[in-house]
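What follows is query.cif (mmCIF, C-alpha atoms).
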data_model
#
loop_
_atom_site.label_atom_id
_atom_site.label_comp_id
_atom_site.auth_asym_id
_atom_site.auth_seq_id
_atom_site.Cartn_x
_atom_site.Cartn_y
_atom_site.Cartn_z
CA MET A 1 70.10 21.96 -75.59
CA LYS A 2 69.06 18.36 -75.99
CA THR A 3 66.85 16.79 -73.33
CA HIS A 4 67.15 13.14 -72.45
CA PRO A 5 63.78 11.37 -72.54
CA ARG A 6 64.69 8.71 -70.00
CA PRO A 7 65.16 11.05 -66.96
CA LEU A 8 62.02 12.93 -67.94
CA ALA A 9 60.09 9.68 -68.12
CA ARG A 10 61.36 8.66 -64.70
CA LEU A 11 60.37 12.06 -63.29
CA ALA A 12 56.89 11.78 -64.80
CA THR A 13 56.49 8.29 -63.31
CA ALA A 14 57.59 9.51 -59.86
CA LEU A 15 55.20 12.46 -59.97
CA ALA A 16 52.32 10.21 -61.01
CA LEU A 17 53.12 7.82 -58.17
CA PHE A 18 53.27 10.71 -55.67
CA ALA A 19 49.91 12.02 -56.87
CA THR A 20 48.36 8.58 -56.48
CA VAL A 21 49.70 8.18 -52.94
CA ALA A 22 48.66 11.71 -51.96
CA ALA A 23 45.13 11.15 -53.22
CA SER A 24 44.73 7.81 -51.44
CA PRO A 25 44.22 7.25 -47.72
CA PRO A 26 47.29 5.90 -45.93
CA ALA A 27 47.66 2.15 -46.01
CA ALA A 28 47.21 1.94 -42.22
CA ALA A 29 43.77 3.53 -42.48
CA GLN A 30 42.78 1.44 -45.51
CA ALA A 31 43.57 -1.80 -43.69
CA TYR A 32 42.20 -0.67 -40.32
CA PRO A 33 40.60 -2.39 -38.56
CA SER A 34 41.36 -5.96 -39.49
CA LYS A 35 40.84 -7.52 -36.03
CA PRO A 36 38.86 -6.86 -32.82
CA ILE A 37 39.45 -3.58 -30.98
CA SER A 38 39.94 -3.51 -27.22
CA VAL A 39 38.33 -0.61 -25.33
CA VAL A 40 39.78 -0.30 -21.83
CA ILE A 41 37.67 1.18 -19.05
CA GLN A 42 39.31 2.12 -15.75
CA TYR A 43 36.47 1.36 -13.33
CA PRO A 44 34.38 -1.74 -12.58
CA VAL A 45 31.42 -2.88 -14.64
CA GLY A 46 28.27 -0.93 -13.84
CA GLY A 47 29.80 2.55 -13.69
CA PRO A 48 29.41 5.42 -16.17
CA SER A 49 32.43 4.48 -18.29
CA ASP A 50 31.05 0.98 -18.69
CA ALA A 51 27.60 2.36 -19.56
CA LEU A 52 29.01 4.62 -22.26
CA ALA A 53 31.24 1.87 -23.66
CA ARG A 54 28.32 -0.53 -23.96
CA LEU A 55 26.13 2.16 -25.53
CA LEU A 56 28.68 2.93 -28.24
CA ALA A 57 30.18 -0.52 -28.85
CA PRO A 58 27.49 -1.95 -31.17
CA ARG A 59 27.36 1.25 -33.24
CA LEU A 60 31.14 1.38 -33.64
CA GLN A 61 31.24 -2.31 -34.41
CA ALA A 62 28.73 -1.78 -37.22
CA ALA A 63 30.67 1.22 -38.56
CA LEU A 64 34.14 -0.34 -38.35
CA GLY A 65 33.26 -3.94 -39.17
CA GLN A 66 35.11 -5.45 -36.21
CA PRO A 67 34.02 -6.41 -32.66
CA LEU A 68 34.77 -4.03 -29.79
CA VAL A 69 35.84 -5.87 -26.64
CA ILE A 70 35.31 -3.92 -23.41
CA GLU A 71 38.08 -4.63 -20.92
CA ALA A 72 38.09 -3.34 -17.31
CA ARG A 73 41.50 -2.57 -15.82
CA VAL A 74 40.68 -1.01 -12.48
CA GLY A 75 42.58 0.53 -9.60
CA ALA A 76 44.53 3.61 -8.48
CA GLY A 77 41.74 6.01 -9.37
CA GLY A 78 41.76 4.91 -13.01
CA ASN A 79 45.52 5.26 -13.42
CA ILE A 80 46.17 1.52 -13.95
CA GLY A 81 43.96 1.32 -17.03
CA THR A 82 45.26 4.64 -18.32
CA ASP A 83 48.88 3.57 -17.98
CA PHE A 84 48.14 0.26 -19.71
CA VAL A 85 46.80 2.02 -22.79
CA ALA A 86 49.53 4.68 -22.71
CA LYS A 87 52.10 1.87 -23.05
CA ALA A 88 50.13 -0.17 -25.61
CA LYS A 89 51.13 -0.50 -29.25
CA PRO A 90 49.89 2.59 -31.13
CA ASP A 91 48.03 0.73 -33.84
CA GLY A 92 44.40 1.61 -33.03
CA TYR A 93 43.58 -1.77 -31.50
CA THR A 94 43.85 -0.69 -27.85
CA LEU A 95 41.76 2.34 -26.92
CA LEU A 96 40.87 4.00 -23.63
CA LEU A 97 37.44 5.22 -22.60
CA SER A 98 38.61 7.64 -19.95
CA SER A 99 37.17 10.18 -17.58
CA SER A 100 38.35 13.51 -16.26
CA GLY A 101 40.10 12.06 -13.20
CA PRO A 102 43.02 10.21 -14.81
CA LEU A 103 43.44 12.80 -17.58
CA ALA A 104 43.10 16.15 -15.80
CA ILE A 105 43.21 15.59 -12.03
CA SER A 106 45.61 12.70 -11.38
CA PRO A 107 48.67 14.63 -12.66
CA TRP A 108 48.16 17.02 -9.74
CA LEU A 109 47.44 14.35 -7.14
CA TYR A 110 50.07 11.70 -7.86
CA PRO A 111 53.71 12.85 -7.59
CA LYS A 112 54.95 9.76 -9.47
CA LEU A 113 52.27 9.25 -12.10
CA PRO A 114 53.56 6.62 -14.60
CA TYR A 115 52.06 8.34 -17.67
CA ARG A 116 51.71 11.86 -19.10
CA PRO A 117 48.10 12.35 -20.24
CA LEU A 118 48.63 14.54 -23.31
CA LYS A 119 52.07 13.21 -24.22
CA ASP A 120 51.56 9.46 -23.87
CA LEU A 121 47.97 9.52 -25.16
CA VAL A 122 46.22 11.26 -28.04
CA PRO A 123 42.61 12.48 -27.88
CA VAL A 124 40.12 10.87 -30.25
CA VAL A 125 36.77 12.41 -29.29
CA GLN A 126 34.84 13.66 -26.26
CA LEU A 127 31.76 11.55 -25.44
CA ALA A 128 29.86 13.21 -22.58
CA ALA A 129 29.99 15.95 -19.94
CA VAL A 130 27.83 15.17 -16.93
CA PRO A 131 27.03 17.20 -13.82
CA LEU A 132 27.43 15.42 -10.53
CA VAL A 133 24.88 15.15 -7.76
CA LEU A 134 25.22 15.48 -3.99
CA GLU A 135 23.39 12.48 -2.58
CA VAL A 136 22.62 10.88 0.78
CA ASN A 137 20.74 7.73 1.73
CA ASP A 138 17.10 7.82 2.74
CA ALA A 139 17.91 7.53 6.46
CA ASN A 140 19.81 10.82 6.47
CA PRO A 141 17.85 13.48 8.41
CA ALA A 142 18.73 16.29 5.96
CA ARG A 143 15.93 17.00 3.51
CA SER A 144 17.69 19.81 1.62
CA ALA A 145 21.21 20.72 0.63
CA ALA A 146 21.13 23.80 2.88
CA GLU A 147 20.13 21.66 5.84
CA PHE A 148 22.85 19.11 5.04
CA LEU A 149 25.49 21.83 4.81
CA ARG A 150 24.42 23.08 8.23
CA LEU A 151 24.92 19.56 9.61
CA LEU A 152 28.41 19.39 8.06
CA LYS A 153 29.41 22.73 9.56
CA ALA A 154 28.03 21.82 12.97
CA ASN A 155 29.95 18.52 13.03
CA PRO A 156 33.40 19.10 11.49
CA GLY A 157 35.29 15.88 10.83
CA LYS A 158 32.30 13.68 11.64
CA TYR A 159 30.97 13.09 8.13
CA SER A 160 32.56 10.78 5.57
CA PHE A 161 32.09 10.76 1.82
CA GLY A 162 32.73 8.04 -0.72
CA SER A 163 34.11 8.23 -4.24
CA SER A 164 34.97 5.95 -7.13
CA GLY A 165 38.64 6.27 -6.20
CA ASN A 166 41.42 8.69 -5.43
CA GLY A 167 41.74 11.44 -8.00
CA THR A 168 38.29 10.96 -9.52
CA PRO A 169 35.93 13.91 -10.10
CA GLN A 170 33.77 12.50 -7.30
CA HIS A 171 36.72 12.72 -4.91
CA LEU A 172 37.84 16.22 -5.88
CA SER A 173 34.29 17.57 -6.07
CA ALA A 174 33.76 16.70 -2.42
CA VAL A 175 37.21 18.07 -1.50
CA LEU A 176 36.20 21.28 -3.27
CA LEU A 177 32.96 21.39 -1.29
CA GLY A 178 34.84 20.97 1.99
CA SER A 179 37.30 23.68 0.99
CA MET A 180 34.64 26.19 -0.07
CA THR A 181 32.55 25.62 3.08
CA GLY A 182 35.45 25.33 5.51
CA VAL A 183 34.38 21.85 6.64
CA ALA A 184 36.75 18.94 7.35
CA LEU A 185 35.56 15.74 5.67
CA THR A 186 36.79 12.12 5.69
CA HIS A 187 37.36 10.52 2.29
CA VAL A 188 36.64 6.82 1.74
CA PRO A 189 37.85 5.76 -1.74
CA TYR A 190 36.37 2.72 -3.49
CA LYS A 191 37.34 0.73 -6.57
CA GLY A 192 34.49 2.06 -8.64
CA GLN A 193 31.06 3.60 -8.32
CA ALA A 194 29.01 0.45 -7.70
CA PRO A 195 30.66 -0.59 -4.39
CA MET A 196 30.59 3.04 -3.24
CA ALA A 197 26.84 3.29 -3.90
CA THR A 198 26.25 0.01 -2.06
CA ASP A 199 27.97 1.33 1.07
CA LEU A 200 26.20 4.68 0.82
CA MET A 201 22.83 2.97 0.70
CA GLY A 202 23.90 0.78 3.63
CA GLY A 203 25.00 3.74 5.74
CA GLN A 204 28.73 2.91 5.89
CA ILE A 205 29.46 6.40 4.49
CA ASP A 206 27.42 9.56 4.90
CA PHE A 207 27.26 11.11 1.44
CA ALA A 208 28.75 11.20 -2.04
CA ILE A 209 29.00 13.59 -4.94
CA ASP A 210 28.44 11.13 -7.73
CA SER A 211 28.19 11.20 -11.50
CA MET A 212 24.61 11.54 -12.64
CA VAL A 213 25.27 8.73 -15.11
CA SER A 214 25.49 6.23 -12.29
CA ALA A 215 23.38 8.01 -9.66
CA MET A 216 20.06 8.14 -11.53
CA PRO A 217 18.95 4.51 -11.06
CA ASN A 218 19.30 4.62 -7.27
CA LEU A 219 17.77 8.10 -7.11
CA ALA A 220 14.81 6.87 -9.16
CA THR A 221 14.12 4.03 -6.72
CA GLY A 222 14.35 6.34 -3.70
CA ARG A 223 17.21 4.41 -2.11
CA LEU A 224 19.29 7.56 -2.40
CA ARG A 225 18.15 11.18 -2.22
CA ALA A 226 19.50 14.03 -4.36
CA LEU A 227 20.21 17.28 -2.52
CA ALA A 228 22.05 19.40 -5.13
CA VAL A 229 23.62 19.23 -8.59
CA THR A 230 27.08 20.56 -9.40
CA GLY A 231 26.44 22.32 -12.71
CA ARG A 232 25.76 26.01 -13.13
CA GLN A 233 22.24 25.18 -14.30
CA ARG A 234 19.68 22.77 -12.89
CA SER A 235 19.57 19.43 -14.65
CA PRO A 236 16.54 18.55 -16.79
CA LEU A 237 16.75 15.10 -15.18
CA LEU A 238 16.33 16.58 -11.68
CA PRO A 239 14.53 19.90 -12.24
CA GLY A 240 13.45 20.15 -8.60
CA VAL A 241 16.98 19.78 -7.26
CA PRO A 242 18.91 23.06 -6.75
CA THR A 243 22.42 23.74 -7.92
CA MET A 244 25.15 23.81 -5.31
CA GLU A 245 25.29 27.56 -5.77
CA GLU A 246 21.57 27.87 -5.08
CA ALA A 247 22.08 25.73 -1.97
CA GLY A 248 24.53 28.23 -0.55
CA VAL A 249 27.96 27.56 -2.08
CA PRO A 250 28.59 30.50 -4.47
CA GLY A 251 30.75 29.77 -7.49
CA TYR A 252 30.71 25.98 -7.06
CA GLU A 253 30.83 23.97 -10.31
CA ALA A 254 32.16 20.51 -11.18
CA LEU A 255 31.53 18.19 -14.12
CA ALA A 256 32.48 14.60 -14.89
CA TRP A 257 33.39 14.14 -18.52
CA TYR A 258 34.32 11.17 -20.66
CA GLY A 259 36.20 10.63 -23.89
CA LEU A 260 38.02 8.21 -26.14
CA MET A 261 41.84 8.19 -26.18
CA ALA A 262 44.52 6.23 -28.05
CA PRO A 263 48.24 5.64 -27.40
CA ALA A 264 50.53 8.40 -28.60
CA GLY A 265 51.92 7.61 -32.02
CA THR A 266 48.67 6.14 -33.35
CA PRO A 267 48.53 7.09 -37.05
CA ARG A 268 46.55 10.26 -37.65
CA ALA A 269 44.41 8.53 -40.27
CA ILE A 270 43.30 5.93 -37.70
CA VAL A 271 42.51 8.61 -35.12
CA GLU A 272 40.41 10.44 -37.72
CA ARG A 273 38.61 7.23 -38.71
CA LEU A 274 37.75 6.52 -35.07
CA ASN A 275 36.69 10.13 -34.53
CA GLU A 276 34.39 10.09 -37.53
CA ALA A 277 32.81 6.74 -36.62
CA THR A 278 32.25 7.81 -33.01
CA ARG A 279 30.80 11.20 -33.98
CA GLN A 280 28.35 9.49 -36.32
CA ALA A 281 27.32 7.16 -33.50
CA LEU A 282 26.89 10.08 -31.09
CA ASP A 283 24.72 11.89 -33.63
CA THR A 284 22.19 9.06 -33.99
CA PRO A 285 18.88 9.88 -32.30
CA ALA A 286 18.94 6.74 -30.12
CA VAL A 287 22.42 7.50 -28.72
CA ARG A 288 21.64 11.19 -28.22
CA GLU A 289 18.52 10.23 -26.29
CA GLN A 290 20.40 7.74 -24.11
CA ILE A 291 23.21 10.20 -23.31
CA ALA A 292 20.64 12.88 -22.50
CA ARG A 293 19.07 10.45 -20.05
CA LEU A 294 22.47 10.19 -18.38
CA GLY A 295 22.46 13.95 -17.85
CA SER A 296 24.86 15.05 -20.59
CA ALA A 297 24.31 17.59 -23.30
CA PRO A 298 25.47 16.40 -26.76
CA VAL A 299 29.24 16.75 -27.21
CA HIS A 300 31.89 15.45 -29.57
CA GLY A 301 34.04 17.52 -31.95
CA THR A 302 37.54 17.08 -33.35
CA PRO A 303 40.52 15.47 -31.60
CA GLU A 304 42.07 18.96 -31.33
CA ARG A 305 38.99 20.34 -29.62
CA PHE A 306 39.02 17.50 -27.10
CA GLY A 307 42.73 17.99 -26.47
CA ALA A 308 42.22 21.70 -25.77
CA PHE A 309 39.37 20.85 -23.39
CA ILE A 310 41.54 18.36 -21.47
CA GLN A 311 44.27 20.98 -21.13
CA ALA A 312 41.77 23.56 -19.85
CA GLU A 313 40.41 21.11 -17.27
CA HIS A 314 43.96 20.21 -16.20
CA ASP A 315 44.69 23.90 -15.66
CA LYS A 316 41.41 24.39 -13.75
CA TRP A 317 41.90 21.59 -11.22
CA GLY A 318 45.57 22.24 -10.52
CA PRO A 319 45.05 25.28 -8.28
CA ILE A 320 42.16 23.52 -6.52
CA VAL A 321 44.30 20.50 -5.68
CA LYS A 322 47.16 22.73 -4.53
CA SER A 323 44.91 24.94 -2.39
CA THR A 324 43.38 21.94 -0.62
CA GLY A 325 46.66 20.10 -0.18
CA ALA A 326 45.10 16.92 -1.57
CA VAL A 327 47.89 14.51 -2.52
CA VAL A 328 47.86 10.74 -3.08
CA ASP A 329 51.06 8.75 -2.58
#
Please express the file's structure as structure tokens.
Amino acid sequence: MKTHPRPLARLATALALFATVAASPPAAAQAYPSKPISVVIQYPVGGPSDALARLLAPRLQAALGQPLVIEARVGAGGNIGTDFVAKAKPDGYTLLLSSSGPLAISPWLYPKLPYRPLKDLVPVVQLAAVPLVLEVNDANPARSAAEFLRLLKANPGKYSFGSSGNGTPQHLSAVLLGSMTGVALTHVPYKGQAPMATDLMGGQIDFAIDSMVSAMPNLATGRLRALAVTGRQRSPLLPGVPTMEEAGVPGYEALAWYGLMAPAGTPRAIVERLNEATRQALDTPAVREQIARLGSAPVHGTPERFGAFIQAEHDKWGPIVKSTGAVVD
């Protein structure tokens, strides 16, 4: 049987072209990034998301060769900024530095949430996992968490707590405390941590369970006083402060965590490039030291690992929200 050289030549050319393409990174990743990247934070400047964004921005800029512009889109417990990124063009130029509230808690709190966390967004990398701290201002008569819990129980409905907004870990952590101790509490939501801390120091609210990232400066000056931490272990930053469990609330645990997300449909090669650059930044001694000072153990990992963690947190907080009846219209 006679073979025709022309079809064979065409086949050989096609196979060579396929091999070249398969061995080369996709064109989107090769060209990315070619312009500045916007990193959206959901809370006002001065909070933990802002602190993490500003810590990572210069390292990512050096690794990627383009400026990172930090953009605050605040409101609705972080849902406004999250929705903005969920609807952005999936080209790697609009990213979200998010926290646990909008990704794992808001779906349970908001009946008409305009985005689906793990369908409209893709995980890039986890950045930090921080215990929270129960804090009061210096004028509060309670000098220990046990004493403060006795005050709460003796005065149901009298005490108010502040948070960075509806659906945030700070909000749900205090709701969880009220549920586990059987105490009615009044929630006062703010548009971010900074205005909440200002009112707490001024006595407009009675207490807060705040992220250690943002609480440490005011605790260090003595303007606020730490009574308990929300992790299972005491924090190296506050070794003299008991856990909530040690203070008399068995089984209590709550963490605030942060991570980088991108719009669904962002090319996998771009997600991997961002993941690799961010992991390298997180592994530098200077960044590790700074994040440790914020109260977080080192974390990062693959996009898949972060996605599984978000799903687990979503599943954890759902029953808590349902059992407390906490809903935001």
(request) Using all atoms listed in the file, pick whichever of A:Leu149, A:Ile270, A:Leu237, A:Leu52 has the shortest atom-to-atom distance to Leu282 of chain A. (result) A:Leu52
(message) Taking only C-alpha atoms into account, name the residue in A:Thr82, A:Ser160, A:Thr181, A:Gln204 that is nearest to Ala139 of chain A.
(response) A:Gln204
(request) Take atom CA of Ala145 of chain A and atom CA of Gly202 of chain A and report the distance between them in Å, one decimal. (result) 20.3 Å
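Rounded to one decimal, atom CA of Leu185 of chain A and atom CA of Glu135 of chain A lie 15.1 Å from each other.
Candidate residues A:Val40, A:Thr278, A:Ala88, A:Leu55 were compared for distance to Arg73 of chain A, and the nearest is A:Val40, using all atoms listed in the file.
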If the PyMOL selection byres ((chain A and resi 153) around 9) were run on this exact file, what residues would it hold? Put them as a PDB file with C-alpha atoms, keeping the file's coordinate frame.
ATOM      1  CA  PHE A 148      22.850  19.110   5.040  1.00  0.00           C
ATOM      2  CA  LEU A 149      25.490  21.830   4.810  1.00  0.00           C
ATOM      3  CA  ARG A 150      24.420  23.080   8.230  1.00  0.00           C
ATOM      4  CA  LEU A 151      24.920  19.560   9.610  1.00  0.00           C
ATOM      5  CA  LEU A 152      28.410  19.390   8.060  1.00  0.00           C
ATOM      6  CA  ALA A 154      28.030  21.820  12.970  1.00  0.00           C
ATOM      7  CA  ASN A 155      29.950  18.520  13.030  1.00  0.00           C
ATOM      8  CA  PRO A 156      33.400  19.100  11.490  1.00  0.00           C
ATOM      9  CA  THR A 181      32.550  25.620   3.080  1.00  0.00           C
ATOM     10  CA  GLY A 182      35.450  25.330   5.510  1.00  0.00           C
ATOM     11  CA  VAL A 183      34.380  21.850   6.640  1.00  0.00           C
ATOM     12  CA  ALA A 184      36.750  18.940   7.350  1.00  0.00           C
TER      13      ALA A 184
END
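Distances from A:Gln233, A:Ser34, A:Ser49, A:Gln61 to Ala281 of chain A were compared using only C-alpha atoms, and the smallest one belongs to A:Gln61.
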For this file, the PyMOL selection byres ((chain A and resi 107-123) around 8) selects which residues, as a compact mmCIF listing (two decimals) with C-alpha atoms, in the frame of the given file?
# COMPACT_ATOMS: atom_id res chain seq x y z
CA ASN A 79 45.52 5.26 -13.42
CA THR A 82 45.26 4.64 -18.32
CA ASP A 83 48.88 3.57 -17.98
CA VAL A 85 46.80 2.02 -22.79
CA ALA A 86 49.53 4.68 -22.71
CA LYS A 87 52.10 1.87 -23.05
CA PRO A 102 43.02 10.21 -14.81
CA LEU A 103 43.44 12.80 -17.58
CA ALA A 104 43.10 16.15 -15.80
CA ILE A 105 43.21 15.59 -12.03
CA SER A 106 45.61 12.70 -11.38
CA VAL A 124 40.12 10.87 -30.25
CA VAL A 125 36.77 12.41 -29.29
CA GLY A 167 41.74 11.44 -8.00
CA GLY A 259 36.20 10.63 -23.89
CA LEU A 260 38.02 8.21 -26.14
CA MET A 261 41.84 8.19 -26.18
CA ALA A 262 44.52 6.23 -28.05
CA PRO A 263 48.24 5.64 -27.40
CA ALA A 264 50.53 8.40 -28.60
CA GLY A 265 51.92 7.61 -32.02
CA THR A 266 48.67 6.14 -33.35
CA PRO A 303 40.52 15.47 -31.60
CA GLU A 304 42.07 18.96 -31.33
CA PHE A 306 39.02 17.50 -27.10
CA GLY A 307 42.73 17.99 -26.47
CA TRP A 317 41.90 21.59 -11.22
CA GLY A 318 45.57 22.24 -10.52
CA VAL A 321 44.30 20.50 -5.68
CA LYS A 322 47.16 22.73 -4.53
CA ALA A 326 45.10 16.92 -1.57
CA VAL A 327 47.89 14.51 -2.52
CA VAL A 328 47.86 10.74 -3.08
CA ASP A 329 51.06 8.75 -2.58
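Atom CA of Ala31 of chain A is positioned 13.5 Å from atom CA of Val271 of chain A.
Ranking A:Pro141, A:Ile80, A:His171, A:Pro36 by their shortest atom-to-atom distance to Leu68 of chain A, with all atoms listed in the file included, puts A:Pro36 first.
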(message) Going by the chain IDs and residue numbers used in this file, which residues fall under the PyMOL selection byres ((chain A and resi 207) around 7)? Write them as a PyMOL selection string.
(response) chain A and resi 135-136+160-162+200+205-206+208
(request) Neighbourhood query: residues within 12 Å of (35.0, 22.0, -4.0), file coordinates, counting all atoms listed in the file; return as a PyMOL selection string. (result) chain A and resi 132+134+169-185+209+230+244-245+249-255+316-317+319-321+323-324+326
(message) Show me, as an MDAnalysis selection string, the residues that have an atom within 8 Å of Ser38 of chain A when counting all atoms listed in the file, minus same-chain residues fewer than 6 positions from it.
(response) chainID A and resid 68:71 93:95
